[in-house]
$ cat coords_32.txt   # compact mmCIF, C-alpha atoms
# COMPACT_ATOMS: atom_id res chain seq x y z
CA MET P 1 2.38 79.68 41.91
CA ASP P 2 3.90 82.37 44.09
CA ILE P 3 2.27 85.48 42.69
CA GLU P 4 4.52 87.97 44.53
CA GLU P 5 7.62 86.17 43.38
CA TYR P 6 6.25 86.16 39.82
CA ILE P 7 5.62 89.89 40.02
CA ALA P 8 9.03 90.56 41.56
CA SER P 9 10.80 88.70 38.71
CA GLY P 10 10.29 91.76 36.48
CA ILE P 11 8.52 89.78 33.74
CA LEU P 12 5.48 92.09 33.87
CA GLU P 13 7.61 95.17 33.16
CA LEU P 14 9.03 93.42 30.11
CA TYR P 15 5.51 92.36 29.14
CA VAL P 16 4.44 96.02 29.00
CA ALA P 17 7.59 96.94 27.09
CA GLY P 18 6.80 94.26 24.50
CA SER P 19 10.20 92.67 25.04
CA LEU P 20 8.97 89.13 25.67
CA THR P 21 8.57 86.24 23.27
CA GLU P 22 5.13 85.34 21.94
CA GLU P 23 5.04 82.32 24.23
CA GLU P 24 5.87 84.38 27.33
CA ASN P 25 3.30 87.00 26.35
CA SER P 26 0.61 84.34 26.13
CA GLU P 27 1.62 83.00 29.52
CA VAL P 28 1.46 86.42 31.18
CA TYR P 29 -1.91 87.05 29.55
CA LEU P 30 -3.37 83.85 30.98
CA ASN P 31 -1.90 84.51 34.44
CA ALA P 32 -3.30 88.02 34.44
CA LYS P 33 -6.71 86.64 33.59
CA GLN P 34 -6.48 84.18 36.41
CA TYR P 35 -4.95 86.42 39.10
CA PRO P 36 -6.38 89.94 39.54
CA ARG P 37 -3.25 90.85 41.56
CA ILE P 38 -1.13 90.30 38.45
CA MET P 39 -3.52 92.30 36.26
CA GLU P 40 -3.45 95.10 38.81
CA GLU P 41 0.35 95.14 38.72
CA ILE P 42 0.38 95.19 34.90
CA LEU P 43 -1.98 98.18 34.88
CA ALA P 44 0.21 100.03 37.38
CA ILE P 45 3.33 99.41 35.33
CA GLU P 46 1.52 100.47 32.16
CA ALA P 47 0.29 103.65 33.88
CA SER P 48 3.85 104.62 34.79
CA ILE P 49 5.01 104.14 31.21
CA LEU P 50 2.01 106.08 29.94
CA ALA P 51 2.87 108.95 32.28
CA LEU P 52 6.51 108.87 31.24
CA SER P 53 5.82 108.78 27.49
CA ARG P 54 3.18 111.51 27.83
CA ALA P 55 5.87 113.71 29.39
CA THR P 56 7.99 113.42 26.25
CA VAL P 57 5.40 114.93 23.91
CA PRO P 58 6.39 118.34 22.51
CA SER P 59 4.49 121.04 24.36
CA TYR P 60 2.64 122.89 21.66
CA GLN P 61 -0.83 123.22 20.21
CA ARG P 62 -1.79 120.04 18.41
CA LEU P 63 -2.16 120.90 14.72
CA LYS P 64 -4.04 117.84 13.62
CA GLY P 65 -6.75 115.95 15.39
CA PHE P 66 -9.13 113.10 15.00
CA ASP P 67 -10.87 114.89 12.09
CA ASP P 68 -7.68 114.40 10.11
CA ILE P 69 -7.76 110.69 11.04
CA LYS P 70 -11.39 110.47 9.88
CA VAL P 71 -10.43 111.94 6.53
CA ARG P 72 -7.49 109.54 6.27
CA ILE P 73 -9.63 106.49 6.93
CA GLY P 74 -12.49 107.79 4.76
CA GLN P 75 -14.95 107.99 7.65
CA ARG P 76 -15.50 111.70 7.90
CA LYS P 77 -19.29 111.75 7.55
CA ASP P 78 -19.74 115.48 8.04
CA THR P 79 -17.64 116.17 4.99
CA THR P 80 -19.47 113.94 2.54
CA VAL P 81 -20.22 116.87 0.23
CA VAL P 82 -16.65 118.06 0.37
CA LYS P 83 -15.43 114.54 -0.32
CA MET P 84 -17.71 114.14 -3.34
CA SER P 85 -16.72 117.47 -4.79
CA ARG P 86 -13.11 116.55 -4.19
CA LYS P 87 -13.68 113.33 -6.04
CA LYS P 88 -15.39 115.23 -8.89
CA THR P 89 -12.50 117.68 -9.08
CA ASN P 90 -10.13 114.78 -9.31
CA TRP P 91 -12.14 113.21 -12.13
CA ALA P 92 -12.22 116.54 -13.92
CA ALA P 93 -8.49 116.83 -13.47
CA TYR P 94 -7.90 113.25 -14.65
CA THR P 95 -10.19 113.80 -17.64
CA GLY P 96 -8.43 117.06 -18.38
CA TRP P 97 -5.05 115.45 -18.22
CA ALA P 98 -6.23 112.52 -20.31
CA ALA P 99 -7.68 114.92 -22.89
CA ALA P 100 -4.50 116.96 -22.87
CA ILE P 101 -2.39 113.85 -23.36
CA LEU P 102 -4.69 112.60 -26.14
CA PHE P 103 -4.63 116.01 -27.77
CA ALA P 104 -0.85 116.20 -27.56
CA ALA P 105 -0.53 112.66 -28.95
CA GLY P 106 -3.03 113.44 -31.72
CA PHE P 107 -1.32 116.71 -32.53
CA TYR P 108 2.03 114.99 -32.68
CA TRP P 109 0.57 112.30 -34.93
CA PHE P 110 -0.92 114.90 -37.29
CA TYR P 111 2.30 116.85 -37.26
CA THR P 112 4.48 113.86 -38.16
CA GLU P 113 1.92 112.68 -40.72
CA SER P 114 1.80 116.11 -42.33
CA THR P 115 5.58 116.39 -42.34
CA HIS P 116 5.74 112.94 -43.90
CA LEU P 117 3.21 113.91 -46.59
CA GLN P 118 5.05 117.17 -47.25
CA ASN P 119 8.27 115.21 -47.74
CA GLN P 120 6.52 112.82 -50.10
CA MET P 121 5.13 115.77 -52.05
CA ASP P 122 8.55 117.38 -52.27
CA LEU P 123 9.97 114.10 -53.53
CA ALA P 124 7.17 113.75 -56.10
CA ASP P 125 7.83 117.32 -57.21
CA LYS P 126 11.48 116.52 -57.79
CA GLU P 127 10.58 113.34 -59.64
CA ASN P 128 8.18 115.36 -61.78
CA GLN P 129 10.91 117.84 -62.58
CA VAL P 130 13.25 115.05 -63.61
CA LEU P 131 10.53 113.46 -65.76
CA GLU P 132 9.72 116.82 -67.36
CA GLN P 133 13.38 117.30 -68.17
CA GLN P 134 13.54 113.80 -69.62
CA ILE P 135 10.45 114.45 -71.75
CA PHE P 136 11.89 117.77 -72.87
CA ASP P 137 15.19 116.09 -73.72
CA ALA P 138 13.41 113.28 -75.54
CA LYS P 139 11.37 115.78 -77.55
CA ASN P 140 14.54 117.67 -78.39
CA SER P 141 16.27 114.48 -79.32
CA LEU P 142 13.33 113.44 -81.50
CA ALA P 143 13.27 116.83 -83.18
CA ASN P 144 17.01 116.56 -83.80
CA ALA P 145 16.61 113.07 -85.18
CA ASN P 146 13.77 114.16 -87.42
CA GLN P 147 15.82 117.07 -88.62
CA LEU P 148 18.75 114.77 -89.24
CA LEU P 149 16.54 112.33 -91.12
CA GLU P 150 15.12 115.15 -93.20
CA THR P 151 18.59 116.38 -94.03
CA ILE P 152 19.93 113.06 -95.18
CA ARG P 153 16.75 112.31 -97.15
CA ASP P 154 17.06 115.53 -99.04
CA LYS P 155 17.20 114.81 -102.76
CA ASP P 156 20.18 117.15 -103.10
CA ILE P 157 22.23 115.23 -100.58
CA ASN P 158 25.31 113.40 -101.71
CA VAL P 159 26.32 110.43 -99.61
CA ILE P 160 30.01 109.63 -99.57
CA PRO P 161 31.16 106.55 -97.72
CA LEU P 162 34.70 106.80 -96.31
CA GLY P 163 36.60 103.53 -95.99
CA GLY P 164 39.23 102.51 -93.46
CA GLN P 165 42.89 103.10 -94.38
CA ASP P 166 46.19 101.44 -93.42
CA VAL P 167 46.33 103.01 -89.98
CA SER P 168 42.91 101.71 -89.05
CA PRO P 169 41.41 99.35 -91.62
CA THR P 170 38.21 98.75 -89.66
CA SER P 171 37.37 102.43 -89.40
CA TYR P 172 34.67 103.92 -91.53
CA ALA P 173 32.67 107.12 -91.79
CA ARG P 174 30.03 108.70 -94.02
CA VAL P 175 29.68 112.18 -95.37
CA TYR P 176 26.29 113.66 -96.22
CA TRP P 177 27.01 116.61 -98.43
CA ASN P 178 24.47 119.22 -99.50
CA LYS P 179 26.16 121.11 -102.28
CA GLU P 180 23.42 123.70 -102.50
CA GLU P 181 23.61 124.65 -98.86
CA GLN P 182 27.38 124.02 -98.73
CA LYS P 183 27.01 121.87 -95.65
CA VAL P 184 28.30 118.45 -94.71
CA LEU P 185 27.22 116.07 -91.99
CA ILE P 186 29.92 113.69 -90.86
CA ASP P 187 28.72 110.42 -89.44
CA ALA P 188 31.78 109.39 -87.43
CA GLN P 189 30.36 106.47 -85.52
CA GLY P 190 32.83 104.10 -87.18
CA LEU P 191 35.90 105.90 -85.85
CA PRO P 192 37.73 104.81 -82.71
CA GLU P 193 38.01 107.06 -79.72
CA PRO P 194 40.83 109.54 -80.36
CA PRO P 195 43.79 109.38 -77.94
CA ALA P 196 44.16 112.19 -75.41
CA GLY P 197 45.51 115.38 -76.93
CA MET P 198 44.50 114.33 -80.45
CA VAL P 199 41.52 115.28 -82.60
CA TYR P 200 40.00 114.14 -85.92
CA GLN P 201 40.26 116.65 -88.71
CA VAL P 202 38.09 116.49 -91.85
CA TRP P 203 39.56 117.40 -95.19
CA SER P 204 38.01 118.26 -98.53
CA LEU P 205 40.25 117.02 -101.35
CA LYS P 206 40.78 117.94 -104.90
CA LEU P 207 42.37 115.01 -106.68
CA SER P 208 44.47 116.37 -109.58
CA PRO P 209 46.54 117.77 -108.22
CA LEU P 210 45.89 116.52 -104.73
CA THR P 211 44.88 119.58 -102.70
CA PRO P 212 43.57 119.14 -99.16
CA THR P 213 41.47 121.83 -97.55
CA SER P 214 40.49 121.60 -93.92
CA ILE P 215 36.76 121.90 -93.33
CA GLY P 216 36.83 121.40 -89.59
CA LEU P 217 37.59 119.39 -86.50
CA LEU P 218 35.42 116.77 -84.83
CA ASP P 219 35.65 118.52 -81.47
CA ASP P 220 34.32 116.93 -78.28
CA PHE P 221 34.21 113.58 -80.06
CA MET P 222 33.61 111.59 -76.87
CA ALA P 223 30.90 113.91 -75.56
CA ASP P 224 28.84 113.69 -78.75
CA ASN P 225 26.38 110.85 -78.45
CA ASN P 226 25.23 110.35 -82.01
CA LYS P 227 28.68 111.12 -83.45
CA ILE P 228 27.15 113.29 -86.16
CA PHE P 229 28.97 116.52 -86.84
CA ALA P 230 27.73 119.38 -89.02
CA LEU P 231 30.40 121.36 -90.91
CA ALA P 232 30.39 124.00 -93.64
CA ASN P 233 31.90 122.99 -96.96
CA PRO P 234 32.10 125.68 -99.65
CA ASN P 235 34.57 123.61 -101.70
CA GLU P 236 34.17 121.73 -104.95
CA SER P 237 35.21 118.55 -103.22
CA GLU P 238 36.22 115.44 -105.13
CA ALA P 239 37.02 113.38 -102.06
CA PHE P 240 36.87 113.54 -98.25
CA GLY P 241 39.39 112.29 -95.74
CA ILE P 242 39.67 112.18 -91.98
CA THR P 243 43.04 112.29 -90.23
CA LEU P 244 44.11 112.26 -86.62
CA GLU P 245 45.86 115.49 -85.72
CA PRO P 246 47.21 117.17 -82.58
CA GLU P 247 44.64 119.18 -80.68
CA GLY P 248 43.71 122.38 -82.54
CA GLY P 249 44.24 120.75 -85.92
CA SER P 250 46.99 121.11 -88.54
CA GLU P 251 47.60 123.20 -91.65
CA THR P 252 48.12 120.12 -93.76
CA PRO P 253 46.92 116.60 -93.17
CA THR P 254 49.28 114.07 -91.60
CA MET P 255 48.93 111.36 -94.19
CA GLU P 256 50.37 108.67 -91.88
CA LYS P 257 47.35 109.20 -89.68
CA LEU P 258 44.72 109.06 -92.42
CA TYR P 259 41.92 106.99 -90.91
CA THR P 260 39.26 107.08 -93.60
CA LEU P 261 39.02 108.26 -97.14
CA GLY P 262 36.30 108.27 -99.85
CA THR P 263 35.77 109.86 -103.24
CA VAL P 264 32.71 111.64 -104.44
CA ALA P 265 31.04 109.63 -107.13
CA SER P 266 31.02 111.56 -110.35
CA SER P 267 27.49 112.29 -111.34
CA MET S 1 -16.70 101.75 29.51
CA ASP S 2 -13.69 99.64 30.38
CA LEU S 3 -10.63 99.41 28.15
CA ASP S 4 -11.22 95.81 27.02
CA SER S 5 -14.69 96.44 25.61
CA LEU S 6 -13.49 99.73 24.08
CA ILE S 7 -10.80 97.78 22.24
CA LYS S 8 -13.32 95.14 21.14
CA ARG S 9 -15.61 97.82 19.72
CA PHE S 10 -12.63 99.44 18.03
CA GLN S 11 -11.79 96.12 16.41
CA LYS S 12 -15.34 96.01 15.07
CA LYS S 13 -14.65 99.34 13.39
CA ASP S 14 -16.55 101.48 15.89
CA ILE S 15 -15.35 104.99 15.09
CA ILE S 16 -16.50 106.36 18.46
CA ALA S 17 -14.42 103.79 20.31
CA PHE S 18 -11.50 104.57 18.02
CA GLU S 19 -11.76 108.27 18.84
CA ARG S 20 -11.71 107.48 22.56
CA LEU S 21 -8.56 105.39 22.14
CA TYR S 22 -7.02 108.11 19.98
CA GLU S 23 -7.56 110.74 22.67
CA MET S 24 -6.33 108.31 25.29
CA TYR S 25 -3.01 107.49 23.60
CA TRP S 26 -2.25 110.28 21.14
CA GLU S 27 0.17 112.12 23.42
CA ASN S 28 2.02 108.92 24.30
CA ILE S 29 2.44 107.90 20.69
CA CYS S 30 3.43 111.38 19.54
CA GLY S 31 5.86 111.66 22.47
CA VAL S 32 7.59 108.36 21.79
CA VAL S 33 7.88 109.19 18.07
CA TYR S 34 9.24 112.62 18.99
CA THR S 35 12.09 111.14 21.05
CA ILE S 36 13.14 109.27 17.90
CA VAL S 37 12.61 111.79 15.05
CA GLN S 38 13.17 114.96 17.13
CA ASN S 39 10.94 117.11 14.93
CA LYS S 40 7.54 118.10 16.28
CA ASN S 41 5.72 118.43 12.95
CA LEU S 42 7.16 115.17 11.71
CA ALA S 43 6.30 113.48 15.01
CA GLU S 44 2.69 114.60 14.72
CA GLU S 45 2.48 113.47 11.11
CA ILE S 46 3.88 110.04 11.97
CA ALA S 47 1.51 109.76 14.96
CA GLN S 48 -1.42 110.34 12.58
CA ASP S 49 -0.01 107.65 10.29
CA VAL S 50 0.27 105.28 13.24
CA PHE S 51 -3.39 105.73 14.22
CA THR S 52 -4.48 105.34 10.60
CA LYS S 53 -2.46 102.14 10.45
CA ILE S 54 -3.92 100.67 13.63
CA TRP S 55 -7.46 101.37 12.35
CA ASN S 56 -6.72 99.69 9.04
CA ASN S 57 -5.10 96.73 10.80
CA SER S 58 -7.30 96.61 13.89
CA GLU S 59 -8.15 92.92 13.37
CA SER S 60 -4.48 91.99 13.67
CA TYR S 61 -4.36 93.00 17.35
CA ASN S 62 -4.53 89.94 19.58
CA PRO S 63 -4.80 90.47 23.37
CA ARG S 64 -2.95 87.19 23.93
CA LYS S 65 0.14 88.71 22.36
CA GLY S 66 0.29 91.73 24.62
CA ARG S 67 -1.29 94.89 25.88
CA PHE S 68 -3.10 97.18 23.42
CA PHE S 69 -0.81 100.08 24.33
CA THR S 70 2.21 97.82 23.84
CA TRP S 71 0.89 96.96 20.37
CA ILE S 72 0.47 100.57 19.22
CA LEU S 73 3.73 101.58 20.96
CA ASN S 74 5.53 98.98 18.86
CA ILE S 75 3.89 100.19 15.64
CA ALA S 76 4.82 103.80 16.52
CA ARG S 77 8.46 102.95 17.24
CA ASN S 78 8.78 101.05 13.97
CA ALA S 79 7.20 103.90 12.00
CA ALA S 80 9.55 106.43 13.62
CA ILE S 81 12.61 104.25 13.07
CA ASP S 82 11.59 103.68 9.42
CA GLU S 83 11.36 107.45 9.01
CA VAL S 84 14.78 108.06 10.55
CA ARG S 85 16.28 105.44 8.22
CA SER S 86 14.52 106.89 5.14
CA LYS S 87 16.45 108.74 2.47
CA SER S 88 14.42 111.92 2.74
CA PHE S 89 15.10 112.09 6.45
CA LYS S 90 18.81 111.44 6.00
CA ASN S 91 18.93 114.08 3.25
CA GLN S 92 17.95 116.68 5.82
CA LYS S 93 21.29 115.87 7.41
CA LYS S 94 19.83 115.46 10.83
CA ASN S 95 22.52 114.99 13.34
CA LEU S 96 20.64 112.95 15.88
CA SER S 97 22.04 111.96 19.15
CA THR S 98 21.37 108.25 19.51
CA ASP S 99 20.51 108.73 23.15
CA TYR S 100 18.21 111.64 22.76
CA PHE S 101 15.89 110.49 25.50
CA VAL S 102 18.82 110.38 27.87
CA GLY S 103 20.20 113.59 26.44
CA MET S 104 16.93 115.42 26.99
CA LEU S 105 17.21 114.83 30.68
CA GLU S 106 20.71 116.21 30.80
CA GLN S 107 19.60 119.51 29.30
CA GLU S 108 19.87 122.07 32.04
CA ASP S 109 18.15 124.64 29.91
CA ILE S 110 14.52 124.47 30.90
CA THR S 111 13.70 127.43 28.62
CA ASN S 112 13.59 124.92 25.73
CA SER S 113 10.32 125.95 24.11
CA THR S 114 9.57 122.72 22.28
CA LEU S 115 9.67 120.46 25.23
CA ASP S 116 9.20 121.23 28.83
CA THR S 117 11.55 118.67 30.32
CA SER S 118 10.79 119.65 33.89
CA GLY S 119 7.91 117.13 34.16
CA LEU S 120 10.14 114.43 32.74
CA LYS S 121 12.96 115.41 35.09
CA LYS S 122 10.75 115.21 38.09
CA MET S 123 9.56 111.80 37.03
CA LEU S 124 13.07 110.50 36.52
CA ALA S 125 14.50 112.25 39.57
CA ASN S 126 16.79 110.06 41.65
CA LEU S 127 16.80 107.37 38.95
CA THR S 128 20.34 106.29 38.14
CA GLU S 129 21.80 106.74 34.68
CA LYS S 130 21.64 102.96 34.33
CA CYS S 131 17.88 103.15 34.95
CA VAL S 132 17.35 105.88 32.40
CA GLN S 133 19.38 103.83 29.91
CA ILE S 134 17.45 100.63 30.40
CA ILE S 135 14.03 102.36 30.32
CA ASN S 136 15.09 104.14 27.14
CA LEU S 137 16.15 100.90 25.46
CA LEU S 138 13.16 98.78 26.48
CA TYR S 139 10.27 101.25 26.22
CA PHE S 140 11.39 103.97 23.83
CA LYS S 141 13.62 102.02 21.50
CA GLY S 142 11.82 98.67 21.64
CA TYR S 143 14.86 96.50 22.44
CA THR S 144 14.19 92.89 23.35
CA GLN S 145 15.50 91.59 26.65
CA LEU S 146 18.36 89.89 24.81
CA ALA S 147 19.25 92.95 22.74
CA ALA S 148 19.21 95.12 25.87
CA SER S 149 21.50 92.69 27.71
CA LYS S 150 23.97 92.83 24.81
CA GLU S 151 23.76 96.61 24.52
CA LEU S 152 24.32 97.15 28.23
CA ASP S 153 26.69 94.21 28.51
CA ILE S 154 24.81 92.69 31.47
CA PRO S 155 23.36 89.19 31.96
CA LEU S 156 19.88 88.50 30.61
CA GLY S 157 18.39 88.05 34.09
CA THR S 158 19.89 91.32 35.26
CA VAL S 159 17.93 93.17 32.55
CA LYS S 160 14.72 91.87 34.07
CA THR S 161 15.53 92.68 37.70
CA ARG S 162 17.23 95.99 37.04
CA ASN S 163 14.32 97.13 34.93
CA ARG S 164 11.90 96.04 37.63
CA ASN S 165 13.75 98.15 40.19
CA CYS S 166 13.91 101.14 37.89
CA ILE S 167 10.21 101.00 37.04
CA SER S 168 9.41 100.69 40.73
CA GLN S 169 11.36 103.86 41.38
CA LEU S 170 9.51 105.57 38.52
CA ARG S 171 6.17 104.49 39.96
CA GLU S 172 7.11 105.92 43.30
CA ASN S 173 8.04 109.24 41.74
CA ILE S 174 4.75 109.41 39.87
CA THR S 175 2.74 108.55 42.97
CA LEU S 176 4.58 111.23 44.92
CA LYS S 177 3.85 113.68 42.15
CA TRP S 178 0.12 113.06 42.48
CA ILE S 179 0.18 113.42 46.25
$ encode --input "coords_32.txt" --output "structure tokens"
Amino acid sequence: MDIEEYIASGILELYVAGSLTEEENSEVYLNAKQYPRIMEEILAIEASILALSRATVPSYQRLKGFDDIKVRIGQRKDTTVVKMSRKKTNWAAYTGWAAAILFAAGFYWFYTESTHLQNQMDLADKENQVLEQQIFDAKNSLANANQLLETIRDKDINVIPLGGQDVSPTSYARVYWNKEEQKVLIDAQGLPEPPAGMVYQVWSLKLSPLTPTSIGLLDDFMADNNKIFALANPNESEAFGITLEPEGGSETPTMEKLYTLGTVASS
Amino acid sequence: MDLDSLIKRFQKKDIIAFERLYEMYWENICGVVYTIVQNKNLAEEIAQDVFTKIWNNSESYNPRKGRFFTWILNIARNAAIDEVRSKSFKNQKKNLSTDYFVGMLEQEDITNSTLDTSGLKKMLANLTEKCVQIINLLYFKGYTQLAASKELDIPLGTVKTRNRNCISQLRENITLKWI
């Protein structure tokens, strides 16, 4: 091998630049080992590149040094204490953050749980109110029913069944009349729903001659659940009749719209 | 202690040997990185990263594959190029001249405080522009022979011989400087 020719080819300059293939690098390495002249040339080329690259460094005071490298690679022995305290600080910080996160999570959990419970309590309160109202209503209703029962069981009560007439043969009603107290209860459950704009009117009748006297209207017929209506009756009635009249009632009964009629049994 | 045994001790994680190598090559590495990133603080930071990297990967250096300096030079160039391509670097809207190394030499203003180019100028005195270009590509930018031949639009063999001539001229300048 012609060493000078090999050197003159420029391969060693490329070797230093790192521009050769792995195979070529290996070849140059072996040649350099074998021929000191080649190694010498490589060192000279490298020296020139080192000088050139050193000239490109910014001219200023180096801020960091090998101590910084030691810290980076965890080999700075003279700062063991500092390193440990740094580690401790980190743990404290991590623990602090972990505690803070746990606390925040716990707080959030308690907050949502408490809100949830508050909502449930509010709901229960409302349910209680509804139940109380229902109990109150039921008690009222029971009291009313008891009162009603008492009234119709009264020994002085006169029960007059009213039968269906031509207009509505299936209709019926019942009059509970307390002569002493001059009161009547009309049980109108057997009457159909009155058409809009019409109202049932109750009449007390004298039979000879036939004299009708209005004792009242069954107002709010649909809204009344038990269809029992209390009316005053100061008359010496011999019969009762119920007619359908325009809203507000009439002076005299419309006989074509007589729904039910019944006479008081002579006692 | 000769360089070879220093490198061997370094590869066995000898921190003293590592420090010697650090002092030996720090300026070169920082300088090469500086020609690429053009920011002295960033160049120093990357140089520290490069030395940290070579310590952590010291076992991967193989003398058969090239010179030790060539190995760390390559790592430094790649680190600098990675930085220049990074988003954070681009976000700083650096308007870098692609031929900064060449550009530096053309600066007539020697009052430039960051870099005293006079030493560099003396070294590259009487080198042709073609020489400066090829040295820049091969040593500072890490182009392969093939890539350099394409970039300069010259035959592959010409890269080798032209570079040889240019480096010879450089060596002469340096020798003269020391005399």
$ interface_residues --input "coords_32.txt" --of "chain P" --to "chain S" --cutoff "7 Å" --atoms "only C-alpha atoms" --output "list in words"
Ser9, Gly10, Ile11, Glu13, Tyr15, Val16, Ala17, Gly18, Ser19, Leu20, Glu22, Asn25, Ser26, Tyr29, Ser48, Leu50, Leu52, Ser53, Arg54, Ala55, Thr56, Val57, Pro58, Ser59, Tyr60, Phe66, Ile69, Arg72 and Ile73 of chain P
$ residues_around --input "coords_32.txt" --residues "Ile228 of chain P" --least-positions-apart "4" --cutoff "7 Å" --atoms "all atoms listed in the file" --output "ChimeraX atom specification"
/P:185-188
$ atom_distance --input "coords_32.txt" --atom1 "atom CA of Asn62 of chain S" --atom2 "atom CA of Lys33 of chain P"
14.6 Å
$ atom_distance --input "coords_32.txt" --atom1 "atom CA of Trp177 of chain P" --atom2 "atom CA of Ile157 of chain P"
5.4 Å
$ atom_distance --input "coords_32.txt" --atom1 "atom CA of Glu193 of chain P" --atom2 "atom CA of Met222 of chain P"
6.9 Å
$ residues_around --input "coords_32.txt" --residues "segment 251-264 of chain P" --least-positions-apart "2" --cutoff "10 Å" --atoms "all atoms listed in the file" --output "PyMOL selection string"
chain P and resi 158-175+177+188+190-192+200-207+211-214+237-246+248-249+266-267
$ closest_residue --input "coords_32.txt" --among "S:Gln169, S:Leu6, S:Arg85, S:Lys130" --to "Ile154 of chain S" --atoms "only C-alpha atoms"
S:Lys130
$ closest_residue --input "coords_32.txt" --among "S:Ile54, S:Cys131, S:Ala125, S:Leu3" --to "Leu152 of chain S" --atoms "only C-alpha atoms"
S:Cys131
